[in-house]
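Below is one structure, written out as structure tokens, with a few remarks after it.
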Protein chains: 2
Amino acid sequence: MPETATATTSPSTQDSCGGTPHREAWLALARAHAAITGRMQEALTAAGLPPLAWFEVLATLADAPEEKLKMGDLAEALVITRGGLTKLVDRLIKAGLLERTFCETDRRVSYATLLPAGVELMEEMRPVVSAELDVAFTANLSEGQADELRETLERLRGSACDA
Amino acid sequence: MPETATATTSPSTQDSCGGTPHREAWLALARAHAAITGRMQEALTAAGLPPLAWFEVLATLADAPEEKLKMGDLAEALVITRGGLTKLVDRLIKAGLLERTFCETDRRVSYATLLPAGVELMEEMRPVVSAELDVAFTANLSEGQADELRETLERLRGSACDA
DNA sequence: CAGAAATACTTGTACTTTCAACTATTGTCA
DNA sequence: TGACAATAGTTGAAAGTACAAGTATTTCTG
């Protein structure tokens, strides 16, 4: 077990005094995210595969038209800073999974473009990620409930973005 | 605006093909978490206050009996690695907010113990964090809906933990 | 059209987090 | 008791991330 803070002993789940329902929902959100992310990471490293961030990049690009995306849009989709994305993409390029392509009409923009090797690796990672996703989501939620959850979360995110 | 990836332009929210409702719920969860966390960070730095991680530590300790917690339990509550917590606590100690205390009966364990200055800082940070929490949660969810959301998320987290 | 402002991305630096190895202490059982 | 395993926490090296400054290109404006 590669040192991940999974609640095995579970001291007492001390939310006894805690606070409002809203704050508790926020805590639950943060913890659920961390726990699920942690398990995915763990499963990937156990399988000798690259980190989850790489998969997020590959999967996002795979869903994009022409399998490429402007750096800015990709950063936004992944909710990380543009500076961080530049270096993340650098690593994926060095690994031969992506290439940087440029825009004719606006020479400021550069695209992160998926290469065949990237598609291949993504196909290899997907089942591992999906398996963890099934453990957490499919086993606990009907499709309708998942939709409802998504709708709620998008509402939360929405008002967190429109400044 | 301190370079944070908030969806201002919103290219198209390209989840057109995407995948199953479960995967989309997961994406929404990850994005909501990142967006809300980002806004909290932004608000804290704008107010000249320490990072969100510090608040998490202080708030967790404040809710604990005797305002202290074993390092391991604290790491678990925050869902970070023990190694990471050691250094995080080191920084808070250096800032005079915490102290390290020890256990008589088991000399392996050490506690992170809240100091008055830590309580004070937490009280100063709390309204900033709460404000962002209100924007995202209180404005969008009734208390009942928040409870429902929490219940759902705890279920997800549960099956992600019981390995 | 020149110059200022805005946009898109990259890079240098500093900080944070993780991973793996290490020390110290406690528990187990032969 | 005495060795072996398990547990609690810390630490050094490496990877990742963010912030601020910097370059290049485009757009706006007088």
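Chain labels run A, B, ... following the order of the structure tokens; each chain numbers its residues from 1, and ligands are numbered from 1 in the order shown.
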Exercise for review: Considering only C-alpha atoms (C1' of nucleotides), return as an MDAnalysis selection string whatever protein or nucleic-acid residues lie within 9 Å of D:DC28, sequence-local ones (same chain, fewer than 5 positions apart) excluded.
Suggested key: chainID C and resid 4:6
**Study point:** Polymer residues at most 10 Å from B:Leu153, only C-alpha atoms (C1' of nucleotides), same-chain spacing of 4 or more positions, as an NGL selection string
**Key:** (:A and (25-33 or 136-137 or 140 or 149)) or (:B and (29 or 147-149 or 157-158))
Keeping only N, CA and C atoms, write those residues as an mmCIF file, in the first residue's frame.
```
data_model
loop_
_atom_site.group_PDB
_atom_site.id
_atom_site.type_symbol
_atom_site.label_atom_id
_atom_site.label_comp_id
_atom_site.auth_asym_id
_atom_site.auth_seq_id
_atom_site.Cartn_x
_atom_site.Cartn_y
_atom_site.Cartn_z
ATOM 1 N N ALA A 25 -21.644 19.627 3.886
ATOM 2 C CA ALA A 25 -21.689 19.181 2.493
ATOM 3 C C ALA A 25 -20.370 19.505 1.804
ATOM 4 N N TRP A 26 -19.820 20.680 2.102
ATOM 5 C CA TRP A 26 -18.538 21.059 1.513
ATOM 6 C C TRP A 26 -17.426 20.115 1.965
ATOM 7 N N LEU A 27 -17.409 19.797 3.257
ATOM 8 C CA LEU A 27 -16.413 18.855 3.756
ATOM 9 C C LEU A 27 -16.560 17.508 3.060
ATOM 10 N N ALA A 28 -17.785 17.059 2.928
ATOM 11 C CA ALA A 28 -18.015 15.770 2.272
ATOM 12 C C ALA A 28 -17.534 15.809 0.829
ATOM 13 N N LEU A 29 -17.772 16.940 0.172
ATOM 14 C CA LEU A 29 -17.323 17.085 -1.214
ATOM 15 C C LEU A 29 -15.805 17.003 -1.306
ATOM 16 N N ALA A 30 -15.135 17.750 -0.444
ATOM 17 C CA ALA A 30 -13.672 17.747 -0.474
ATOM 18 C C ALA A 30 -13.125 16.350 -0.184
ATOM 19 N N ARG A 31 -13.709 15.699 0.802
ATOM 20 C CA ARG A 31 -13.195 14.379 1.180
ATOM 21 C C ARG A 31 -13.488 13.338 0.123
ATOM 22 N N ALA A 32 -14.676 13.385 -0.443
ATOM 23 C CA ALA A 32 -15.008 12.419 -1.485
ATOM 24 C C ALA A 32 -14.058 12.583 -2.664
ATOM 25 N N HIS A 33 -13.832 13.822 -3.053
ATOM 26 C CA HIS A 33 -12.930 14.066 -4.170
ATOM 27 C C HIS A 33 -11.543 13.518 -3.870
ATOM 28 N N ALA A 136 -16.821 3.594 -7.013
ATOM 29 C CA ALA A 136 -17.355 4.728 -6.270
ATOM 30 C C ALA A 136 -18.759 5.116 -6.737
ATOM 31 N N PHE A 137 -18.970 5.158 -8.044
ATOM 32 C CA PHE A 137 -20.214 5.723 -8.559
ATOM 33 C C PHE A 137 -21.238 4.674 -8.944
ATOM 34 N N ASN A 140 -22.974 2.798 -6.331
ATOM 35 C CA ASN A 140 -23.744 3.525 -5.330
ATOM 36 C C ASN A 140 -24.902 4.340 -5.888
ATOM 37 N N LEU A 149 -26.907 14.359 -9.334
ATOM 38 C CA LEU A 149 -25.690 14.822 -8.674
ATOM 39 C C LEU A 149 -24.910 15.756 -9.583
ATOM 40 N N LEU B 29 -17.907 16.638 -10.341
ATOM 41 C CA LEU B 29 -17.395 16.663 -8.972
ATOM 42 C C LEU B 29 -15.998 17.265 -8.937
ATOM 43 N N ASP B 147 -28.047 18.481 2.828
ATOM 44 C CA ASP B 147 -27.973 17.219 3.563
ATOM 45 C C ASP B 147 -27.972 16.030 2.614
ATOM 46 N N GLU B 148 -28.833 16.141 1.624
ATOM 47 C CA GLU B 148 -28.939 15.061 0.651
ATOM 48 C C GLU B 148 -27.617 14.901 -0.100
ATOM 49 N N LEU B 149 -27.053 16.042 -0.504
ATOM 50 C CA LEU B 149 -25.783 16.014 -1.212
ATOM 51 C C LEU B 149 -24.698 15.387 -0.336
ATOM 52 N N ARG B 157 -17.702 8.310 -0.945
ATOM 53 C CA ARG B 157 -16.424 8.228 -0.260
ATOM 54 C C ARG B 157 -16.304 6.906 0.482
ATOM 55 N N GLY B 158 -17.397 6.486 1.094
ATOM 56 C CA GLY B 158 -17.366 5.240 1.860
ATOM 57 C C GLY B 158 -16.863 4.091 1.021
#
```
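What separates atom CA of A:Val128 from atom CA of A:Leu49 is a distance of 9.3 Å.
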Practice item. Find the residues near B:Thr113: any atom within 8 Å, counting only C-alpha atoms (C1' of nucleotides), skip ones fewer than 4 places away on the same chain, and give them as an MDAnalysis selection string. Key: chainID B and resid 61 67:69 98:101
Could you fit chain B onto chain A with a least-squares superposition over all C-alpha atoms, matched one to one in order, and give me the transformed chain as a PDB file with C-alpha atoms, in the first residue's frame?
```pdb
ATOM      1  CA  MET B   1      -0.006   0.073   0.285  1.00  0.00           C
ATOM      2  CA  PRO B   2       1.792   3.216  -0.917  1.00  0.00           C
ATOM      3  CA  GLU B   3       1.160   5.546   1.988  1.00  0.00           C
ATOM      4  CA  THR B   4      -2.207   6.987   1.148  1.00  0.00           C
ATOM      5  CA  ALA B   5      -4.469   8.453   3.768  1.00  0.00           C
ATOM      6  CA  THR B   6      -7.389   6.084   3.493  1.00  0.00           C
ATOM      7  CA  ALA B   7      -9.696   5.898   6.471  1.00  0.00           C
ATOM      8  CA  THR B   8      -8.955   2.466   7.840  1.00  0.00           C
ATOM      9  CA  THR B   9      -9.092   3.063  11.547  1.00  0.00           C
ATOM     10  CA  SER B  10     -11.750   5.796  11.293  1.00  0.00           C
ATOM     11  CA  PRO B  11     -11.292   7.311  14.759  1.00  0.00           C
ATOM     12  CA  SER B  12     -14.850   8.561  15.141  1.00  0.00           C
ATOM     13  CA  THR B  13     -15.707  10.651  12.071  1.00  0.00           C
ATOM     14  CA  GLN B  14     -15.795  13.586  14.428  1.00  0.00           C
ATOM     15  CA  ASP B  15     -18.333  15.834  12.749  1.00  0.00           C
ATOM     16  CA  SER B  16     -20.293  15.939  15.939  1.00  0.00           C
ATOM     17  CA  CYS B  17     -20.287  19.680  16.441  1.00  0.00           C
ATOM     18  CA  GLY B  18     -18.990  20.673  12.980  1.00  0.00           C
ATOM     19  CA  GLY B  19     -21.271  23.318  11.533  1.00  0.00           C
ATOM     20  CA  THR B  20     -24.062  24.050   9.122  1.00  0.00           C
ATOM     21  CA  PRO B  21     -25.371  21.508   6.629  1.00  0.00           C
ATOM     22  CA  HIS B  22     -23.742  23.587   3.909  1.00  0.00           C
ATOM     23  CA  ARG B  23     -20.318  23.403   5.489  1.00  0.00           C
ATOM     24  CA  GLU B  24     -20.706  19.696   6.077  1.00  0.00           C
ATOM     25  CA  ALA B  25     -21.680  19.204   2.468  1.00  0.00           C
ATOM     26  CA  TRP B  26     -18.540  21.063   1.458  1.00  0.00           C
ATOM     27  CA  LEU B  27     -16.399  18.898   3.701  1.00  0.00           C
ATOM     28  CA  ALA B  28     -17.986  15.788   2.265  1.00  0.00           C
ATOM     29  CA  LEU B  29     -17.315  17.067  -1.244  1.00  0.00           C
ATOM     30  CA  ALA B  30     -13.660  17.740  -0.518  1.00  0.00           C
ATOM     31  CA  ARG B  31     -13.171  14.386   1.159  1.00  0.00           C
ATOM     32  CA  ALA B  32     -14.980  12.397  -1.492  1.00  0.00           C
ATOM     33  CA  HIS B  33     -12.898  14.041  -4.180  1.00  0.00           C
ATOM     34  CA  ALA B  34      -9.666  13.361  -2.361  1.00  0.00           C
ATOM     35  CA  ALA B  35     -10.570   9.766  -1.565  1.00  0.00           C
ATOM     36  CA  ILE B  36     -11.632   8.848  -5.085  1.00  0.00           C
ATOM     37  CA  THR B  37      -8.699  10.645  -6.674  1.00  0.00           C
ATOM     38  CA  GLY B  38      -6.367   8.903  -4.267  1.00  0.00           C
ATOM     39  CA  ARG B  39      -7.724   5.496  -5.142  1.00  0.00           C
ATOM     40  CA  MET B  40      -7.399   6.176  -8.852  1.00  0.00           C
ATOM     41  CA  GLN B  41      -3.791   7.272  -8.429  1.00  0.00           C
ATOM     42  CA  GLU B  42      -3.066   4.216  -6.367  1.00  0.00           C
ATOM     43  CA  ALA B  43      -4.588   1.885  -8.933  1.00  0.00           C
ATOM     44  CA  LEU B  44      -2.657   3.533 -11.765  1.00  0.00           C
ATOM     45  CA  THR B  45       0.720   3.339 -10.075  1.00  0.00           C
ATOM     46  CA  ALA B  46      -0.035  -0.232  -9.035  1.00  0.00           C
ATOM     47  CA  ALA B  47      -0.548  -1.011 -12.727  1.00  0.00           C
ATOM     48  CA  GLY B  48       2.703   0.732 -13.648  1.00  0.00           C
ATOM     49  CA  LEU B  49       0.862   3.495 -15.488  1.00  0.00           C
ATOM     50  CA  PRO B  50       1.401   7.285 -15.566  1.00  0.00           C
ATOM     51  CA  PRO B  51      -0.362   9.621 -13.118  1.00  0.00           C
ATOM     52  CA  LEU B  52      -4.006  10.582 -13.286  1.00  0.00           C
ATOM     53  CA  ALA B  53      -3.188  14.059 -14.594  1.00  0.00           C
ATOM     54  CA  TRP B  54      -1.859  12.495 -17.778  1.00  0.00           C
ATOM     55  CA  PHE B  55      -5.077  10.609 -18.282  1.00  0.00           C
ATOM     56  CA  GLU B  56      -7.102  13.759 -17.776  1.00  0.00           C
ATOM     57  CA  VAL B  57      -5.139  15.496 -20.507  1.00  0.00           C
ATOM     58  CA  LEU B  58      -5.382  12.592 -22.928  1.00  0.00           C
ATOM     59  CA  ALA B  59      -9.086  12.005 -22.282  1.00  0.00           C
ATOM     60  CA  THR B  60      -9.944  15.673 -22.634  1.00  0.00           C
ATOM     61  CA  LEU B  61      -8.098  15.930 -25.933  1.00  0.00           C
ATOM     62  CA  ALA B  62      -9.690  12.734 -27.190  1.00  0.00           C
ATOM     63  CA  ASP B  63     -13.120  14.276 -26.665  1.00  0.00           C
ATOM     64  CA  ALA B  64     -12.167  17.461 -28.487  1.00  0.00           C
ATOM     65  CA  PRO B  65     -12.764  18.138 -32.194  1.00  0.00           C
ATOM     66  CA  GLU B  66      -9.712  17.071 -34.234  1.00  0.00           C
ATOM     67  CA  GLU B  67      -8.233  15.736 -30.988  1.00  0.00           C
ATOM     68  CA  LYS B  68      -6.557  19.056 -30.288  1.00  0.00           C
ATOM     69  CA  LEU B  69      -7.225  22.019 -28.003  1.00  0.00           C
ATOM     70  CA  LYS B  70      -5.837  25.480 -27.457  1.00  0.00           C
ATOM     71  CA  MET B  71      -3.599  25.565 -24.405  1.00  0.00           C
ATOM     72  CA  GLY B  72      -5.865  28.049 -22.701  1.00  0.00           C
ATOM     73  CA  ASP B  73      -9.018  26.029 -23.242  1.00  0.00           C
ATOM     74  CA  LEU B  74      -7.305  22.872 -22.078  1.00  0.00           C
ATOM     75  CA  ALA B  75      -6.110  24.557 -18.914  1.00  0.00           C
ATOM     76  CA  GLU B  76      -9.619  25.765 -18.272  1.00  0.00           C
ATOM     77  CA  ALA B  77     -11.134  22.328 -18.830  1.00  0.00           C
ATOM     78  CA  LEU B  78      -8.654  20.770 -16.414  1.00  0.00           C
ATOM     79  CA  VAL B  79      -9.023  23.668 -13.981  1.00  0.00           C
ATOM     80  CA  ILE B  80      -5.298  24.209 -13.595  1.00  0.00           C
ATOM     81  CA  THR B  81      -3.139  27.256 -14.273  1.00  0.00           C
ATOM     82  CA  ARG B  82      -1.795  27.922 -17.740  1.00  0.00           C
ATOM     83  CA  GLY B  83       1.753  27.885 -16.477  1.00  0.00           C
ATOM     84  CA  GLY B  84       1.226  24.491 -14.964  1.00  0.00           C
ATOM     85  CA  LEU B  85      -0.274  23.159 -18.161  1.00  0.00           C
ATOM     86  CA  THR B  86       2.681  24.268 -20.246  1.00  0.00           C
ATOM     87  CA  LYS B  87       5.002  22.058 -18.212  1.00  0.00           C
ATOM     88  CA  LEU B  88       2.549  19.198 -17.980  1.00  0.00           C
ATOM     89  CA  VAL B  89       2.183  19.196 -21.759  1.00  0.00           C
ATOM     90  CA  ASP B  90       5.961  19.404 -22.067  1.00  0.00           C
ATOM     91  CA  ARG B  91       6.234  16.132 -20.199  1.00  0.00           C
ATOM     92  CA  LEU B  92       3.615  14.436 -22.346  1.00  0.00           C
ATOM     93  CA  ILE B  93       5.379  15.653 -25.460  1.00  0.00           C
ATOM     94  CA  LYS B  94       8.678  14.321 -24.183  1.00  0.00           C
ATOM     95  CA  ALA B  95       6.917  10.990 -23.730  1.00  0.00           C
ATOM     96  CA  GLY B  96       5.812  11.076 -27.363  1.00  0.00           C
ATOM     97  CA  LEU B  97       2.092  11.249 -26.552  1.00  0.00           C
ATOM     98  CA  LEU B  98       1.330  14.777 -27.769  1.00  0.00           C
ATOM     99  CA  GLU B  99       2.687  17.338 -30.139  1.00  0.00           C
ATOM    100  CA  ARG B 100       2.495  21.104 -30.214  1.00  0.00           C
ATOM    101  CA  THR B 101       0.836  22.538 -33.292  1.00  0.00           C
ATOM    102  CA  PHE B 102       0.262  26.140 -34.197  1.00  0.00           C
ATOM    103  CA  CYS B 103      -2.479  28.340 -35.529  1.00  0.00           C
ATOM    104  CA  GLU B 104      -2.145  30.020 -38.917  1.00  0.00           C
ATOM    105  CA  THR B 105      -4.533  32.869 -38.298  1.00  0.00           C
ATOM    106  CA  ASP B 106      -3.343  33.770 -34.791  1.00  0.00           C
ATOM    107  CA  ARG B 107       0.277  33.043 -34.160  1.00  0.00           C
ATOM    108  CA  ARG B 108      -0.043  33.508 -30.419  1.00  0.00           C
ATOM    109  CA  VAL B 109      -2.051  30.361 -29.904  1.00  0.00           C
ATOM    110  CA  SER B 110      -0.595  26.878 -29.774  1.00  0.00           C
ATOM    111  CA  TYR B 111      -2.519  23.638 -29.684  1.00  0.00           C
ATOM    112  CA  ALA B 112      -1.883  20.487 -27.715  1.00  0.00           C
ATOM    113  CA  THR B 113      -2.533  17.761 -30.268  1.00  0.00           C
ATOM    114  CA  LEU B 114      -3.025  14.098 -29.514  1.00  0.00           C
ATOM    115  CA  LEU B 115      -0.697  11.617 -31.218  1.00  0.00           C
ATOM    116  CA  PRO B 116      -1.475   7.935 -31.917  1.00  0.00           C
ATOM    117  CA  ALA B 117       0.723   6.869 -29.023  1.00  0.00           C
ATOM    118  CA  GLY B 118      -1.352   9.098 -26.803  1.00  0.00           C
ATOM    119  CA  VAL B 119      -4.587   7.476 -27.908  1.00  0.00           C
ATOM    120  CA  GLU B 120      -3.046   4.100 -27.292  1.00  0.00           C
ATOM    121  CA  LEU B 121      -1.925   4.942 -23.778  1.00  0.00           C
ATOM    122  CA  MET B 122      -5.295   6.419 -22.976  1.00  0.00           C
ATOM    123  CA  GLU B 123      -7.018   3.209 -24.008  1.00  0.00           C
ATOM    124  CA  GLU B 124      -4.672   1.407 -21.684  1.00  0.00           C
ATOM    125  CA  MET B 125      -5.394   3.696 -18.753  1.00  0.00           C
ATOM    126  CA  ARG B 126      -9.121   4.015 -19.251  1.00  0.00           C
ATOM    127  CA  PRO B 127     -10.150   0.628 -17.828  1.00  0.00           C
ATOM    128  CA  VAL B 128      -8.134   1.227 -14.673  1.00  0.00           C
ATOM    129  CA  VAL B 129      -9.758   4.593 -14.118  1.00  0.00           C
ATOM    130  CA  SER B 130     -13.178   3.251 -15.046  1.00  0.00           C
ATOM    131  CA  ALA B 131     -12.858   0.446 -12.561  1.00  0.00           C
ATOM    132  CA  GLU B 132     -12.326   2.872  -9.704  1.00  0.00           C
ATOM    133  CA  LEU B 133     -15.127   4.984 -11.035  1.00  0.00           C
ATOM    134  CA  ASP B 134     -17.400   1.974 -10.922  1.00  0.00           C
ATOM    135  CA  VAL B 135     -16.442   1.181  -7.350  1.00  0.00           C
ATOM    136  CA  ALA B 136     -17.312   4.677  -6.232  1.00  0.00           C
ATOM    137  CA  PHE B 137     -20.195   5.654  -8.516  1.00  0.00           C
ATOM    138  CA  THR B 138     -21.842   2.811 -10.348  1.00  0.00           C
ATOM    139  CA  ALA B 139     -22.041   0.685  -7.223  1.00  0.00           C
ATOM    140  CA  ASN B 140     -23.712   3.451  -5.239  1.00  0.00           C
ATOM    141  CA  LEU B 141     -25.798   5.505  -7.642  1.00  0.00           C
ATOM    142  CA  SER B 142     -28.419   4.750 -10.231  1.00  0.00           C
ATOM    143  CA  GLU B 143     -28.025   6.574 -13.525  1.00  0.00           C
ATOM    144  CA  GLY B 144     -30.778   8.907 -12.507  1.00  0.00           C
ATOM    145  CA  GLN B 145     -29.088   9.701  -9.226  1.00  0.00           C
ATOM    146  CA  ALA B 146     -25.820  10.290 -11.033  1.00  0.00           C
ATOM    147  CA  ASP B 147     -27.548  12.752 -13.326  1.00  0.00           C
ATOM    148  CA  GLU B 148     -29.079  14.492 -10.376  1.00  0.00           C
ATOM    149  CA  LEU B 149     -25.716  14.702  -8.646  1.00  0.00           C
ATOM    150  CA  ARG B 150     -24.075  16.074 -11.772  1.00  0.00           C
ATOM    151  CA  GLU B 151     -26.785  18.669 -12.117  1.00  0.00           C
ATOM    152  CA  THR B 152     -26.330  19.792  -8.528  1.00  0.00           C
ATOM    153  CA  LEU B 153     -22.555  19.979  -8.829  1.00  0.00           C
ATOM    154  CA  GLU B 154     -22.707  21.926 -12.053  1.00  0.00           C
ATOM    155  CA  ARG B 155     -24.985  24.407 -10.351  1.00  0.00           C
ATOM    156  CA  LEU B 156     -22.452  24.808  -7.553  1.00  0.00           C
ATOM    157  CA  ARG B 157     -19.628  25.202  -9.988  1.00  0.00           C
ATOM    158  CA  GLY B 158     -21.618  27.657 -12.067  1.00  0.00           C
ATOM    159  CA  SER B 159     -22.075  30.180  -9.302  1.00  0.00           C
ATOM    160  CA  ALA B 160     -18.451  29.717  -8.283  1.00  0.00           C
ATOM    161  CA  CYS B 161     -17.393  30.815 -11.754  1.00  0.00           C
ATOM    162  CA  ASP B 162     -19.681  33.625 -12.894  1.00  0.00           C
ATOM    163  CA  ALA B 163     -17.866  35.835 -10.364  1.00  0.00           C
TER     164      ALA B 163
END
```
Check your understanding: Mind listing as a count of residues only which residues of chain C are within 12 Å of chain A, counting only C-alpha atoms (C1' of nucleotides)?
Key -> 9
What are the nearest atom pairs, with distances in Å to one decimal, for all residues of chain D that come at most 9 Å from chain B, using only C-alpha atoms (C1' of nucleotides), set out by chain and rising residue number as JSON lines?
```
{"residue": "D:DT7", "atom": "C1'", "partner": "B:Arg108", "partner_atom": "CA", "distance": 8.4}
{"residue": "D:DA8", "atom": "C1'", "partner": "B:Arg108", "partner_atom": "CA", "distance": 5.2}
{"residue": "D:DG9", "atom": "C1'", "partner": "B:Arg108", "partner_atom": "CA", "distance": 7.0}
{"residue": "D:DT10", "atom": "C1'", "partner": "B:Thr86", "partner_atom": "CA", "distance": 7.1}
{"residue": "D:DT11", "atom": "C1'", "partner": "B:Gly83", "partner_atom": "CA", "distance": 8.6}
{"residue": "D:DA18", "atom": "C1'", "partner": "B:Glu3", "partner_atom": "CA", "distance": 8.9}
{"residue": "D:DC19", "atom": "C1'", "partner": "B:Pro2", "partner_atom": "CA", "distance": 7.7}
```
Point to revise | DSSP-assigned strand (DSSP E or B) members of stretch 34-142 of chain A, reported as a PyMOL selection string | key: chain A and resi 68-70+98-102+110-114
Just write the chosen residues, C-alpha atoms, as a short mmCIF file (atom, residue, chain, number, x, y, z; two decimals), in the first residue's frame.
```cif
data_model
loop_
_atom_site.label_atom_id
_atom_site.label_comp_id
_atom_site.auth_asym_id
_atom_site.auth_seq_id
_atom_site.Cartn_x
_atom_site.Cartn_y
_atom_site.Cartn_z
CA LYS A 68 -6.56 18.93 -30.29
CA LEU A 69 -7.24 21.90 -28.03
CA LYS A 70 -5.89 25.38 -27.51
CA LEU A 98 1.37 14.75 -27.71
CA GLU A 99 2.71 17.31 -30.08
CA ARG A 100 2.49 21.06 -30.20
CA THR A 101 0.84 22.44 -33.30
CA PHE A 102 0.22 26.03 -34.25
CA SER A 110 -0.67 26.80 -29.80
CA TYR A 111 -2.56 23.55 -29.70
CA ALA A 112 -1.90 20.42 -27.71
CA THR A 113 -2.52 17.69 -30.24
CA LEU A 114 -2.98 14.02 -29.47
#
```
